[in-house]
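The data block below is start30.csv; it holds CSV, C-alpha atoms and all ligand atoms.
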```csv
chain,number,residue,atom,x,y,z
A,1,MET,CA,3.9,-33.6,22.4
A,2,ASP,CA,4.5,-33.1,18.6
A,3,ARG,CA,1.3,-32.6,16.6
A,4,THR,CA,0.7,-33.7,13.1
A,5,LEU,CA,-0.3,-31.4,10.2
A,6,ALA,CA,-3.8,-33.0,10.2
A,7,ASP,CA,-4.2,-32.1,14.0
A,8,ILE,CA,-3.0,-28.6,13.4
A,9,GLN,CA,-5.3,-28.0,10.4
A,10,ALA,CA,-8.3,-29.2,12.3
A,11,GLU,CA,-7.4,-26.9,15.2
A,12,MET,CA,-6.9,-23.9,12.9
A,13,ARG,CA,-10.2,-24.4,11.2
A,14,SER,CA,-12.1,-24.6,14.4
A,15,GLN,CA,-10.4,-21.5,15.9
A,16,LEU,CA,-10.8,-19.4,12.8
A,17,ALA,CA,-14.3,-20.6,11.8
A,18,PRO,CA,-16.1,-17.7,13.6
A,19,ILE,CA,-14.5,-15.2,11.2
A,20,TYR,CA,-13.2,-17.0,8.1
A,21,SER,CA,-14.8,-19.6,5.9
A,22,GLY,CA,-14.5,-21.5,2.6
A,23,ARG,CA,-11.5,-20.6,0.3
A,24,GLU,CA,-10.4,-17.7,2.4
A,25,LEU,CA,-10.0,-20.0,5.4
A,26,GLN,CA,-8.2,-22.6,3.3
A,27,GLN,CA,-5.8,-19.9,2.0
A,28,ILE,CA,-5.0,-18.7,5.5
A,29,VAL,CA,-4.3,-22.3,6.6
A,30,PHE,CA,-1.9,-22.8,3.7
A,31,GLU,CA,-0.1,-19.5,4.2
A,32,LEU,CA,0.3,-20.0,8.0
A,33,LEU,CA,1.8,-23.5,7.4
A,34,GLU,CA,4.0,-22.1,4.7
A,35,HIS,CA,5.4,-19.6,7.2
A,36,PHE,CA,6.5,-22.7,9.2
A,37,GLY,CA,8.2,-24.3,6.2
A,38,PHE,CA,5.4,-26.6,5.0
A,39,THR,CA,4.7,-26.2,1.3
A,40,ARG,CA,1.1,-26.6,0.1
A,41,VAL,CA,2.0,-29.9,-1.5
A,42,GLN,CA,3.4,-31.1,1.9
A,43,THR,CA,0.3,-29.9,3.7
A,44,ILE,CA,-2.0,-31.9,1.4
A,45,ALA,CA,0.2,-34.9,0.8
A,46,TYR,CA,1.7,-35.5,4.2
A,47,PRO,CA,-1.0,-35.0,6.9
A,48,ASP,CA,1.1,-37.1,9.3
A,49,ALA,CA,4.1,-34.8,9.2
A,50,LYS,CA,4.9,-33.4,12.6
A,51,ILE,CA,5.2,-29.8,13.8
A,52,SER,CA,7.6,-29.1,16.7
A,53,GLU,CA,6.3,-27.9,20.1
A,54,THR,CA,8.1,-24.5,19.7
A,55,ASP,CA,6.4,-23.9,16.3
A,56,TYR,CA,3.1,-25.1,17.7
A,57,GLN,CA,3.3,-22.5,20.5
A,58,ARG,CA,4.2,-19.7,17.9
A,59,LEU,CA,1.3,-20.9,15.7
A,60,GLN,CA,-1.1,-20.7,18.7
A,61,ALA,CA,-0.1,-17.0,19.3
A,62,MET,CA,-0.7,-16.2,15.6
A,63,LEU,CA,-4.1,-18.0,15.6
A,64,LYS,CA,-5.1,-15.9,18.6
A,65,ARG,CA,-4.3,-12.7,16.8
A,66,LEU,CA,-6.2,-13.9,13.7
A,67,ALA,CA,-9.2,-14.9,15.7
A,68,ASP,CA,-9.2,-11.4,17.2
A,69,GLY,CA,-9.6,-10.1,13.7
A,70,GLU,CA,-6.1,-8.9,13.0
A,71,PRO,CA,-5.3,-9.2,9.2
A,72,LEU,CA,-3.1,-12.1,8.1
A,73,GLN,CA,-0.4,-9.8,6.7
A,74,TYR,CA,0.2,-8.1,10.0
A,75,VAL,CA,0.3,-11.5,11.8
A,76,LEU,CA,2.8,-12.8,9.2
A,77,GLY,CA,4.6,-9.5,9.2
A,78,GLU,CA,4.8,-9.3,5.4
A,79,GLU,CA,2.9,-8.8,2.1
A,80,GLN,CA,3.8,-9.5,-1.5
A,81,PHE,CA,3.7,-6.5,-3.8
A,82,MET,CA,4.9,-6.4,-7.4
A,83,GLY,CA,6.6,-9.8,-6.8
A,84,MET,CA,8.6,-8.5,-3.9
A,85,SER,CA,8.2,-9.0,-0.1
A,86,PHE,CA,7.4,-6.0,2.0
A,87,GLY,CA,7.5,-6.0,5.8
A,88,VAL,CA,4.3,-4.7,7.3
A,89,CYS,CA,3.1,-3.8,10.8
A,90,ARG,CA,0.3,-1.8,12.2
A,91,ASP,CA,2.1,1.5,11.5
A,92,VAL,CA,1.5,1.1,7.8
A,93,LEU,CA,-1.3,0.3,5.4
A,94,ILE,CA,-1.1,-3.2,3.9
A,95,PRO,CA,-0.2,-2.7,0.2
A,96,ARG,CA,-3.2,-3.5,-2.0
A,97,PRO,CA,-3.4,-5.2,-5.4
A,98,GLU,CA,-5.0,-2.1,-7.0
A,99,THR,CA,-1.9,-0.1,-6.1
A,100,GLU,CA,0.2,-2.5,-8.3
A,101,GLU,CA,-1.9,-1.3,-11.2
A,102,LEU,CA,-0.9,2.3,-10.4
A,103,VAL,CA,2.8,1.3,-10.3
A,104,ARG,CA,2.4,-0.4,-13.7
A,105,LEU,CA,0.7,2.6,-15.2
A,106,ILE,CA,3.6,4.8,-14.1
A,107,ALA,CA,6.2,2.4,-15.4
A,108,ASP,CA,4.3,2.3,-18.7
A,109,ARG,CA,3.8,6.1,-19.1
A,110,CYS,CA,7.1,7.5,-17.7
A,111,LYS,CA,9.5,7.9,-20.6
A,112,ALA,CA,11.9,10.5,-19.1
A,113,PRO,CA,15.5,9.3,-18.9
A,114,SER,CA,16.6,8.7,-15.2
A,115,PRO,CA,13.4,10.3,-14.0
A,116,ARG,CA,13.2,12.1,-10.6
A,117,ILE,CA,10.1,10.7,-8.9
A,118,VAL,CA,8.4,11.6,-5.6
A,119,ASP,CA,6.0,9.3,-3.8
A,120,VAL,CA,3.8,11.3,-1.3
A,121,GLY,CA,2.5,9.3,1.6
A,122,THR,CA,4.7,6.3,1.1
A,123,GLY,CA,3.5,4.1,4.0
A,124,SER,CA,5.3,0.7,3.6
A,125,GLY,CA,7.3,2.2,0.7
A,126,CYS,CA,5.6,-0.2,-1.8
A,127,ILE,CA,5.2,2.4,-4.6
A,128,ALA,CA,8.6,4.1,-4.1
A,129,VAL,CA,10.5,0.8,-3.9
A,130,SER,CA,8.7,-0.8,-6.9
A,131,LEU,CA,9.3,2.3,-9.1
A,132,ALA,CA,13.0,2.4,-8.0
A,133,LYS,CA,13.3,-1.3,-9.1
A,134,LEU,CA,11.2,-1.0,-12.3
A,135,ILE,CA,12.4,2.2,-13.9
A,136,ASP,CA,16.0,2.4,-15.1
A,137,GLY,CA,18.0,5.1,-13.4
A,138,ALA,CA,15.0,6.4,-11.4
A,139,GLN,CA,15.9,8.7,-8.6
A,140,VAL,CA,13.1,8.2,-6.1
A,141,THR,CA,12.2,10.1,-2.9
A,142,ALA,CA,9.4,9.1,-0.6
A,143,ILE,CA,7.7,11.3,1.9
A,144,ASP,CA,5.4,10.5,4.9
A,145,VAL,CA,4.3,12.4,7.9
A,146,SER,CA,4.6,9.2,10.1
A,147,GLU,CA,8.1,8.5,11.5
A,148,ALA,CA,7.1,4.9,12.1
A,149,ALA,CA,6.0,4.5,8.5
A,150,ILE,CA,9.3,6.0,7.2
A,151,ALA,CA,11.2,3.5,9.4
A,152,VAL,CA,9.2,0.6,7.9
A,153,ALA,CA,9.6,1.9,4.3
A,154,ARG,CA,13.4,2.4,4.8
A,155,ARG,CA,13.7,-1.2,5.9
A,156,ASN,CA,11.7,-2.3,2.9
A,157,ALA,CA,14.0,-0.4,0.5
A,158,GLU,CA,17.0,-2.3,2.1
A,159,ARG,CA,15.1,-5.6,2.1
A,160,ASN,CA,14.5,-5.2,-1.7
A,161,ASP,CA,17.9,-3.6,-2.5
A,162,ALA,CA,16.3,-0.4,-3.8
A,163,GLN,CA,17.7,3.1,-3.8
A,164,VAL,CA,15.2,5.4,-2.3
A,165,GLU,CA,15.6,8.6,-0.3
A,166,PHE,CA,13.2,9.2,2.6
A,167,VAL,CA,11.8,12.4,4.1
A,168,CYS,CA,9.6,12.6,7.2
A,169,LYS,CA,7.3,15.6,6.6
A,170,SER,CA,3.7,16.6,6.3
A,171,ILE,CA,2.6,17.8,2.9
A,172,PHE,CA,0.7,20.6,4.8
A,173,ASP,CA,3.9,22.1,6.1
A,174,ASP,CA,5.0,25.4,4.6
A,175,ASN,CA,8.5,24.4,3.7
A,176,GLN,CA,8.7,21.6,1.2
A,177,PRO,CA,11.9,19.8,0.2
A,178,PHE,CA,11.8,20.1,-3.6
A,179,ALA,CA,13.0,22.8,-5.9
A,180,PRO,CA,10.6,24.3,-8.5
A,181,SER,CA,10.4,22.4,-11.8
A,182,SER,CA,12.7,19.7,-10.6
A,183,LEU,CA,10.6,16.5,-10.8
A,184,ASP,CA,9.4,14.2,-13.7
A,185,VAL,CA,6.8,12.3,-11.7
A,186,VAL,CA,4.7,12.9,-8.6
A,187,VAL,CA,2.7,9.9,-7.4
A,188,SER,CA,0.4,9.5,-4.4
A,189,ASN,CA,-2.1,7.1,-2.9
A,190,PRO,CA,-3.2,9.5,-0.2
A,191,PRO,CA,-5.8,8.9,2.6
A,192,TYR,CA,-9.2,8.9,0.7
A,193,VAL,CA,-11.7,7.1,2.8
A,194,THR,CA,-14.5,9.3,4.1
A,195,GLU,CA,-16.2,9.0,7.5
A,196,SER,CA,-19.4,7.8,5.7
A,197,ASP,CA,-17.4,5.1,3.8
A,198,LYS,CA,-16.6,3.6,7.2
A,199,GLN,CA,-19.9,1.9,7.5
A,200,GLN,CA,-19.0,-0.4,4.6
A,201,MET,CA,-15.5,-1.3,5.9
A,202,SER,CA,-14.7,-4.6,7.5
A,203,ARG,CA,-13.6,-4.7,11.2
A,204,ASN,CA,-10.1,-6.0,10.4
A,205,VAL,CA,-9.4,-2.8,8.4
A,206,LEU,CA,-11.1,-0.4,10.8
A,207,ASP,CA,-9.6,-1.9,14.0
A,208,PHE,CA,-6.1,-2.6,12.8
A,209,GLU,CA,-5.0,-0.4,9.9
A,210,PRO,CA,-3.7,3.1,10.7
A,211,HIS,CA,-6.4,5.7,10.6
A,212,LEU,CA,-3.8,8.3,9.6
A,213,ALA,CA,-3.4,6.4,6.3
A,214,LEU,CA,-7.1,6.0,5.6
A,215,PHE,CA,-9.4,8.8,6.6
A,216,VAL,CA,-10.4,12.2,5.3
A,217,PRO,CA,-13.3,14.3,6.5
A,218,ASP,CA,-16.6,14.0,4.7
A,219,SER,CA,-16.6,17.8,4.4
A,220,ASP,CA,-13.5,17.8,2.2
A,221,PRO,CA,-12.8,14.4,0.6
A,222,LEU,CA,-10.3,15.8,-1.9
A,223,LEU,CA,-8.2,17.6,0.7
A,224,PHE,CA,-5.1,15.6,0.0
A,225,TYR,CA,-5.5,15.7,-3.8
A,226,ARG,CA,-5.9,19.5,-3.9
A,227,ARG,CA,-2.8,20.0,-1.7
A,228,ILE,CA,-0.6,17.5,-3.6
A,229,ALA,CA,-1.7,18.8,-7.0
A,230,GLU,CA,-0.8,22.4,-5.8
A,231,LEU,CA,2.6,21.2,-4.7
A,232,ALA,CA,3.1,19.1,-7.9
A,233,ALA,CA,2.4,22.1,-10.0
A,234,GLN,CA,5.4,23.8,-8.4
A,235,TRP,CA,7.7,20.7,-8.3
A,236,LEU,CA,7.0,19.2,-11.8
A,237,LYS,CA,9.0,20.1,-14.9
A,238,ASN,CA,7.1,21.1,-18.0
A,239,GLY,CA,5.6,17.8,-19.3
A,240,GLY,CA,6.0,16.1,-15.9
A,241,MET,CA,3.3,13.8,-14.8
A,242,LEU,CA,1.0,13.5,-11.7
A,243,PHE,CA,-0.5,10.1,-10.8
A,244,PHE,CA,-3.1,9.4,-8.1
A,245,GLU,CA,-4.9,6.4,-6.7
A,246,ILE,CA,-8.4,7.5,-5.9
A,247,ASN,CA,-11.6,6.7,-4.1
A,248,GLU,CA,-13.9,5.2,-6.8
A,249,ARG,CA,-16.7,7.6,-5.8
A,250,PHE,CA,-14.6,10.7,-6.6
A,251,GLY,CA,-13.1,9.9,-10.1
A,252,LYS,CA,-14.9,12.7,-11.9
A,253,ASP,CA,-14.4,15.2,-9.1
A,254,THR,CA,-10.7,14.5,-9.1
A,255,VAL,CA,-10.5,14.9,-12.9
A,256,GLN,CA,-12.4,18.2,-12.6
A,257,LEU,CA,-10.1,19.4,-9.8
A,258,LEU,CA,-7.0,18.8,-11.9
A,259,GLU,CA,-8.5,20.4,-15.1
A,260,ASN,CA,-9.5,23.5,-13.1
A,261,MET,CA,-5.8,23.7,-11.9
A,262,GLN,CA,-4.7,23.8,-15.5
A,263,TYR,CA,-3.3,20.2,-15.7
A,264,SER,CA,-3.7,18.7,-19.2
A,265,ASN,CA,-4.3,15.2,-20.6
A,266,VAL,CA,-6.2,14.4,-17.4
A,267,GLU,CA,-7.3,10.7,-17.6
A,268,LEU,CA,-9.4,8.5,-15.4
A,269,HIS,CA,-8.3,4.8,-15.3
A,270,GLN,CA,-10.2,1.8,-14.1
A,271,ASP,CA,-8.8,-1.1,-11.9
A,272,PHE,CA,-9.3,-4.8,-12.7
A,273,TYR,CA,-12.8,-4.7,-11.2
A,274,GLY,CA,-13.7,-1.9,-13.6
A,275,LYS,CA,-13.9,0.7,-10.9
A,276,ASP,CA,-12.5,4.2,-11.3
A,277,ARG,CA,-9.2,3.9,-9.4
A,278,MET,CA,-6.4,6.1,-10.9
A,279,VAL,CA,-6.0,9.5,-12.4
A,280,SER,CA,-3.0,10.7,-14.4
A,281,ALA,CA,-2.3,14.2,-15.7
A,282,VAL,CA,0.4,16.2,-17.3
A,283,TRP,CA,1.8,19.5,-16.0
A,284,ASN,CA,2.5,22.2,-18.6
A,285,ALA,CA,3.4,25.6,-17.1
A,286,LYS,CA,1.7,28.4,-18.9
B,301,LIG,C1,-3.3,5.3,1.9
B,301,LIG,S1,-1.8,5.3,2.7
B,301,LIG,C2,-0.7,4.9,1.3
B,301,LIG,C3,0.5,4.1,1.7
B,301,LIG,C4,1.2,3.5,0.5
B,301,LIG,N1,1.7,4.6,-0.4
B,301,LIG,C5,0.4,2.5,-0.2
B,301,LIG,O1,0.0,2.8,-1.4
B,301,LIG,O2,0.1,1.4,0.3
B,301,LIG,C6,-1.5,7.1,2.9
B,301,LIG,C7,-0.2,7.5,3.6
B,301,LIG,O3,-0.2,8.9,3.7
B,301,LIG,C8,0.4,9.3,4.9
B,301,LIG,N2,0.0,10.6,5.3
B,301,LIG,C9,-1.1,11.0,6.0
B,301,LIG,N3,-1.2,12.3,6.2
B,301,LIG,C10,0.0,12.8,5.6
B,301,LIG,C11,0.5,14.1,5.5
B,301,LIG,N4,-0.1,15.2,6.0
B,301,LIG,N5,1.7,14.3,4.9
B,301,LIG,C12,2.4,13.2,4.4
B,301,LIG,N6,1.9,11.9,4.4
B,301,LIG,C13,0.7,11.7,5.0
B,301,LIG,C14,0.0,8.2,5.9
B,301,LIG,O4,0.9,8.1,7.0
B,301,LIG,C15,0.0,6.9,5.0
B,301,LIG,O5,1.3,6.3,5.1
```
How does this structure look as structure tokens?
Ligand SMILES: C[S@@+](CC[C@H](N)C(=O)[O-])C[C@H]1O[C@@H](n2cnc3c(N)ncnc32)[C@H](O)[C@@H]1O
Amino acid sequence: MDRTLADIQAEMRSQLAPIYSGRELQQIVFELLEHFGFTRVQTIAYPDAKISETDYQRLQAMLKRLADGEPLQYVLGEEQFMGMSFGVCRDVLIPRPETEELVRLIADRCKAPSPRIVDVGTGSGCIAVSLAKLIDGAQVTAIDVSEAAIAVARRNAERNDAQVEFVCKSIFDDNQPFAPSSLDVVVSNPPYVTESDKQQMSRNVLDFEPHLALFVPDSDPLLFYRRIAELAAQWLKNGGMLFFEINERFGKDTVQLLENMQYSNVELHQDFYGKDRMVSAVWNAK
């Protein structure tokens, strides 16, 4: 039996009501129906339009995953970032809007011709791919410890026709793949959520997003920042720049860390909610 869009919408609302409401629920209904080829205008204007039995069965499977708390982006298998589509699955963090601000900051500040850029902890590849597309002549390399994440990021570079080189490696390994003073930009959005931040996190992040991408011990919240800043001090050319996305609670500590390591022009930047979210710094070898 073919169902109408009106039937389907009623069913979606009732199945998703235990966890979503209001505008968020409406947005999910629109996005799911868009996935099956119905524009928002069609959804509103043609409630009697029919959905095929095959699509109805697929939709049911997606609704079940959503009702179990899985984020919409994993269920749809994609997320938009900087106007591009990135494939996502549970092996990678879902790209966040705040991270678009980090990409824009780098594109704005990076003036080196054909810059050599390294993205540490690339995940879906959203930062690396965006910089490769935005900055003329950029030579971008992306590192991640997770083989599964590297595979996703590689597919996203192909999907968006971006030239990015990928390396699967932990930043805590002794041997690192870059020559001294060879890079113009190092960027990272590393794991920065402390165990004590967990209490404030929603279940769909905690239960579904990769913990390898999220968490650091309470005893050393700047673990990744310190290590990446040490590596960047070796890798960056004189005048090269380091960019971090940060935990809003540790803005001043991150600035202090970089100043103590002899970085100059250390700046704290806010996101669109006015929260401390990015740090930039310049490396000048003494
Ligand atoms: C917060 S996610 C950022 C993902 C992506 N760059 C973004 O902004 O959406 C951090 C990433 O760091 C990676 N990572 C964790 N430990 C690492 C390590 N020791 N060496 C390299 N990458 C690591 C995780 O696999 C994850 O993809």
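Using all atoms listed in the file, the smallest distance between any of A:Met84, A:Val145, A:Ile94, A:Leu212 and A:Asp161 comes from A:Met84.
Atom CA of A:Arg203 is found 20.8 Å from atom C8 of ligand LIG 301 (chain B).
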Taking 4 positions as the minimum chain separation for residues in the same chain, which residues sit within 9 Å of A:Glu267 when counting all atoms listed in the file? Answer as a PyMOL selection string.
chain A and resi 255+278-281
How would the residues just picked look written out with C-alpha atoms as a CSV table (one decimal), keeping the file's coordinate frame?
```csv
chain,number,residue,atom,x,y,z
A,255,VAL,CA,-10.5,14.9,-12.9
A,278,MET,CA,-6.4,6.1,-10.9
A,279,VAL,CA,-6.0,9.5,-12.4
A,280,SER,CA,-3.0,10.7,-14.4
A,281,ALA,CA,-2.3,14.2,-15.7
```
Site check for ligand LIG 301 (chain B): residues at most 6 Å away, all atoms listed in the file, as an NGL selection string:
:A and (92-95 or 99 or 121-124 or 127 or 144-146 or 169-172 or 189-191 or 212-214)
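When all atoms listed in the file are used to measure the gap to A:Phe215, the shortest distance among A:Thr43, A:Gln60, A:Asn284, A:Thr194 belongs to A:Thr194.
The interatomic distance for the pair atom CA of A:Lys50 and atom CA of A:Leu5 works out to 6.1 Å.
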Measure the distance from atom CA of A:Lys252 to atom CA of A:Leu268 in Å and round it to one decimal.
7.8 Å
Taking all atoms listed in the file into account, name the residue in A:Phe178, A:Phe244, A:Phe86, A:Tyr225 that is nearest to A:Arg155.
A:Phe86
For A:Arg13, which residue among A:Cys168, A:Leu66, A:Val41, A:Val103 is the nearest when counting all atoms listed in the file?
A:Leu66
Under the rule that all atoms listed in the file are counted, which of A:Arg109, A:Gln262, A:Val205, A:Asp119 is the nearest residue to A:Phe166?
A:Asp119
Near-A:Gly87 list (8 Å; all atoms listed in the file; drop same-chain fewer than 2 positions) as a CSV table (one decimal) with C-alpha atoms, keeping the file's coordinate frame:
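Result written to selection.csv:
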```csv
chain,number,residue,atom,x,y,z
A,77,GLY,CA,4.6,-9.5,9.2
A,78,GLU,CA,4.8,-9.3,5.4
A,79,GLU,CA,2.9,-8.8,2.1
A,85,SER,CA,8.2,-9.0,-0.1
A,89,CYS,CA,3.1,-3.8,10.8
A,124,SER,CA,5.3,0.7,3.6
A,152,VAL,CA,9.2,0.6,7.9
A,155,ARG,CA,13.7,-1.2,5.9
A,156,ASN,CA,11.7,-2.3,2.9
```
